[in-house]
>>> print(open('run_36.txt').read())   # compact mmCIF, C-alpha atoms
# COMPACT_ATOMS: atom_id res chain seq x y z
CA ALA M 1 0.00 0.00 0.00
CA ALA M 2 2.88 2.38 0.79
CA ASP M 3 4.45 1.64 -2.63
CA GLN M 4 1.13 2.35 -4.28
CA GLN M 5 0.87 5.72 -2.44
CA ASP M 6 4.39 6.65 -3.56
CA ALA M 7 3.46 5.73 -7.14
CA ASP M 8 0.30 7.85 -6.94
CA LEU M 9 2.28 10.82 -5.67
CA ALA M 10 4.79 10.38 -8.48
CA LYS M 11 2.00 10.47 -11.03
CA GLU M 12 0.63 13.71 -9.60
CA VAL M 13 3.97 15.58 -9.70
CA PRO M 14 4.84 16.63 -13.26
CA GLU M 15 8.28 15.89 -14.49
CA GLU M 16 10.65 18.77 -14.97
CA PRO M 17 10.77 20.04 -18.49
CA ARG M 18 13.75 19.04 -20.45
CA GLU M 19 15.24 21.53 -22.69
CA LEU M 20 12.27 22.43 -24.68
CA GLY M 21 11.49 25.39 -26.70
CA GLU M 22 9.91 28.47 -25.21
CA GLU M 23 6.42 27.54 -26.27
CA GLN M 24 6.75 24.06 -24.97
CA ALA M 25 8.36 25.32 -21.76
CA ALA M 26 5.54 27.80 -21.21
CA ALA M 27 3.00 25.09 -21.88
CA SER M 28 4.66 22.74 -19.41
CA ILE M 29 4.64 25.42 -16.69
CA ARG M 30 0.93 26.00 -16.97
CA PRO M 31 -1.07 23.96 -14.56
CA GLN M 32 -2.40 20.96 -16.22
CA PRO M 33 -5.36 19.03 -15.05
CA PRO M 34 -4.49 15.80 -13.35
CA PRO M 35 -4.61 12.78 -15.53
CA PRO M 36 -7.86 10.90 -15.37
CA ARG M 37 -7.87 8.27 -12.68
CA SER M 38 -9.10 4.81 -12.99
CA THR M 39 -11.88 3.45 -10.81
CA GLU M 40 -9.40 1.47 -8.79
CA ASP M 41 -7.33 4.55 -8.11
CA GLU M 42 -10.42 6.44 -7.06
CA ALA M 43 -11.45 3.59 -4.74
CA GLN M 44 -8.02 3.49 -3.13
CA ALA M 45 -7.99 7.27 -2.73
CA LEU M 46 -11.42 7.08 -1.18
CA LEU M 47 -10.24 4.33 1.17
CA ARG M 48 -7.23 6.42 2.16
CA ARG M 49 -9.44 9.41 2.88
CA LEU M 50 -11.82 7.23 4.89
CA ARG M 51 -8.91 5.77 6.83
CA LYS M 52 -7.56 9.25 7.47
CA ARG M 53 -11.00 10.36 8.64
CA GLN M 54 -11.36 7.28 10.83
CA CYS M 55 -7.88 7.85 12.24
CA VAL M 56 -8.68 11.48 12.83
CA LYS M 57 -12.02 10.54 14.36
CA ALA M 58 -10.32 7.89 16.53
CA LEU M 59 -7.65 10.40 17.54
CA LEU M 60 -10.27 13.02 18.34
CA THR M 61 -12.26 10.47 20.33
CA ALA M 62 -9.13 9.39 22.22
CA LEU M 63 -8.17 13.01 22.77
CA SER M 64 -11.68 13.79 23.99
CA CYS M 65 -11.56 10.82 26.41
CA CYS M 66 -8.15 11.94 27.64
CA ASP M 67 -9.42 15.49 28.10
CA ARG M 68 -12.40 14.21 30.09
CA ARG M 69 -10.13 12.03 32.21
CA ILE M 70 -7.76 14.97 32.76
CA GLY M 71 -10.76 17.08 33.78
CA LYS M 72 -11.97 14.41 36.20
CA LEU M 73 -8.49 13.97 37.63
CA SER M 74 -8.08 17.74 37.99
CA ALA M 75 -11.42 17.94 39.82
CA THR M 76 -10.39 15.02 42.04
CA ILE M 77 -7.07 16.71 42.79
CA ARG M 78 -8.82 19.99 43.68
CA GLU M 79 -11.30 18.15 45.91
CA THR M 80 -8.49 16.22 47.60
CA GLU M 81 -6.50 19.42 48.15
CA ARG M 82 -9.62 21.06 49.66
CA LYS M 83 -10.13 18.09 51.98
CA ILE M 84 -6.47 18.20 53.00
CA GLN M 85 -6.79 21.91 53.79
CA GLU M 86 -9.93 21.23 55.84
CA ARG M 87 -8.19 18.45 57.75
CA ASP M 88 -5.13 20.63 58.31
CA GLU M 89 -7.40 23.35 59.69
CA ALA M 90 -9.20 20.81 61.88
CA ALA M 91 -5.83 19.50 63.11
CA ARG M 92 -4.71 23.06 63.96
CA GLN M 93 -7.97 23.66 65.80
CA MET M 94 -7.55 20.41 67.74
CA GLU M 95 -3.98 21.36 68.62
CA LEU M 96 -5.24 24.69 69.99
CA GLU M 97 -7.95 22.92 71.98
CA LEU M 98 -5.38 20.41 73.26
CA ALA M 99 -3.09 23.24 74.37
CA ASP M 100 -6.05 24.88 76.17
CA ALA M 101 -6.93 21.57 77.81
CA ARG M 102 -3.32 21.11 78.94
CA ARG M 103 -3.34 24.60 80.45
CA ASP M 104 -6.62 23.80 82.18
CA VAL M 105 -5.22 20.52 83.49
CA GLY M 106 -2.15 22.38 84.75
CA GLY M 107 -4.42 24.83 86.59
CA LEU M 108 -6.48 21.97 88.01
CA ILE M 109 -3.35 20.18 89.18
CA ASP M 110 -2.24 23.37 90.91
CA GLU M 111 -5.69 23.71 92.54
CA ILE M 112 -5.66 20.07 93.64
CA THR M 113 -2.19 20.48 95.09
CA GLU M 114 -3.22 23.66 96.93
CA THR M 115 -6.42 22.04 98.19
CA GLY M 116 -4.46 18.98 99.37
CA ARG M 117 -2.04 21.25 101.18
CA ALA M 118 -4.94 23.15 102.81
CA VAL M 119 -6.62 19.87 103.85
CA LYS M 120 -3.34 18.65 105.35
CA GLU M 121 -2.96 21.92 107.28
CA GLN M 122 -6.55 21.64 108.54
CA GLU M 123 -6.00 18.03 109.59
CA ASP M 124 -2.82 19.03 111.43
CA ALA M 125 -4.68 21.91 113.10
CA TYR M 126 -7.53 19.53 114.04
CA TRP M 127 -5.13 17.07 115.67
CA ARG M 128 -3.31 19.89 117.46
CA LEU M 129 -6.66 21.16 118.77
CA GLN M 130 -7.61 17.65 119.86
CA GLU M 131 -4.33 17.30 121.74
CA SER M 132 -4.72 20.77 123.24
CA GLN M 133 -8.29 20.00 124.29
CA ARG M 134 -7.18 16.71 125.86
CA LYS M 135 -4.43 18.52 127.79
CA LEU M 136 -6.91 21.22 128.94
CA ALA M 137 -9.36 18.55 130.06
CA ASP M 138 -6.56 16.75 131.92
CA GLU M 139 -5.43 20.02 133.54
CA PHE M 140 -8.98 20.84 134.52
CA ASP M 141 -9.43 17.38 136.04
CA THR M 142 -6.12 17.79 137.85
CA GLN M 143 -7.12 21.22 139.19
CA THR M 144 -10.52 19.91 140.23
CA PHE M 145 -8.86 17.02 142.00
CA GLU M 146 -6.40 19.40 143.69
CA ARG M 147 -9.28 21.66 144.84
CA ARG M 148 -11.17 18.71 146.26
CA HIS M 149 -8.05 17.51 147.96
CA THR M 150 -7.48 21.01 149.36
CA ILE M 151 -11.07 21.18 150.60
CA VAL M 152 -10.73 17.77 152.21
CA GLU M 153 -7.46 18.79 153.90
CA LEU M 154 -9.04 22.00 155.11
CA GLU M 155 -11.96 20.07 156.55
CA GLU M 156 -9.55 17.75 158.31
CA VAL M 157 -7.60 20.63 159.77
CA GLY M 158 -10.78 22.26 160.83
CA ALA M 159 -10.50 25.33 158.74
CA LEU M 160 -13.85 24.72 157.16
CA GLU M 161 -15.94 23.83 160.11
CA ARG M 162 -18.85 25.85 159.01
CA PRO M 163 -21.71 23.55 158.13
CA GLY M 164 -23.02 25.16 154.92
CA PRO M 165 -20.33 26.30 152.49
CA PRO M 166 -18.22 23.22 151.79
CA ALA M 167 -20.97 21.10 150.28
CA PRO M 168 -22.16 23.76 147.77
CA LEU M 169 -18.54 24.59 146.83
CA ILE M 170 -17.78 20.95 146.07
CA ASP M 171 -21.03 20.57 144.13
CA ARG M 172 -20.28 23.72 142.19
CA LEU M 173 -16.75 22.50 141.34
CA GLU M 174 -18.06 19.10 140.28
CA GLY M 175 -20.69 20.81 138.05
CA GLN M 176 -17.99 22.89 136.38
CA ALA M 177 -15.90 19.76 135.80
CA VAL M 178 -18.88 17.99 134.20
CA GLU M 179 -19.55 21.03 131.97
CA ALA M 180 -15.91 21.20 130.91
CA ARG M 181 -15.86 17.50 129.99
CA THR M 182 -19.13 17.81 128.04
CA CYS M 183 -17.81 20.84 126.19
CA ALA M 184 -14.52 19.09 125.45
CA ARG M 185 -16.37 16.04 124.10
CA SER M 186 -18.67 18.11 121.89
CA VAL M 187 -15.68 19.88 120.30
CA CYS M 188 -14.10 16.52 119.50
>>> encode(input="run_36.txt", output="C-alpha cells")
Amino acid sequence: AADQQDADLAKEVPEEPRELGEEQAAASIRPQPPPPRSTEDEAQALLRRLRKRQCVKALLTALSCCDRRIGKLSATIRETERKIQERDEAARQMELELADARRDVGGLIDEITETGRAVKEQEDAYWRLQESQRKLADEFDTQTFERRHTIVELEEVGALERPGPPAPLIDRLEGQAVEARTCARSVC
C-alpha cells in the first residue's frame, strides 16, 4: 500500500521540463489538469481518505476521552486538596484545643495540690486542737482534784468547820468539771 501511495504521488507531480522550446516550456509550466484516474485509483484514494477520517475521528475520540479524564483527575485533585486543607485546619484547631486543655489541666493540678495542702494543714490543726483539748481537760481534772483535795485537807484541819459552804462549793466544782468535759467532748 505504501508503494502504491508513492506511485500515486509520483504520477501527480509533473516531471521537470527538459530543454524544450519556449512555447513548450511555457506550456509545461501552466497547470495541467491531473490525468484521469481509474476506478481502482479512485477507490483506493477514497479508502485512504476514509482511513484518514477514521484515524482522525479515533484520535479526536481518544483526545476527547483523555481530556475528560484529565478534567476528572483535575477535579479530584482539587477536591483532595480542599479536603487536605480542611483536615489541616481541623488539626490546627484540635492542637489549639489540646493546648487549652493542657493549660486547664495544669491549673487543676495546681488547685488540687493547693487544696491537698490546705486539707493537710486543717487536719494538722484539728489534731493539734484535739491534743490541746485533751491537755486542757486533763489540767482541769487535775485542778478539780487538787481543789477537792485542798477542801478535804481544810476540813480535816478544821479550817472549814462551818456547816453550809463546803458542800455547795464541792457541788459547784463538780458541776464545772462535768460542763468542761461535756464541752470538750462536743468539740471533739
>>> atom_distance(input="run_36.txt", atom1="CA of Gln130 (chain M)", atom2="CA of His149 (chain M)")
28.1 Å
>>> atom_distance(input="run_36.txt", atom1="CA of Ile77 (chain M)", atom2="CA of Thr61 (chain M)")
23.9 Å
>>> atom_distance(input="run_36.txt", atom1="CA of Ser132 (chain M)", atom2="CA of Thr113 (chain M)")
28.3 Å
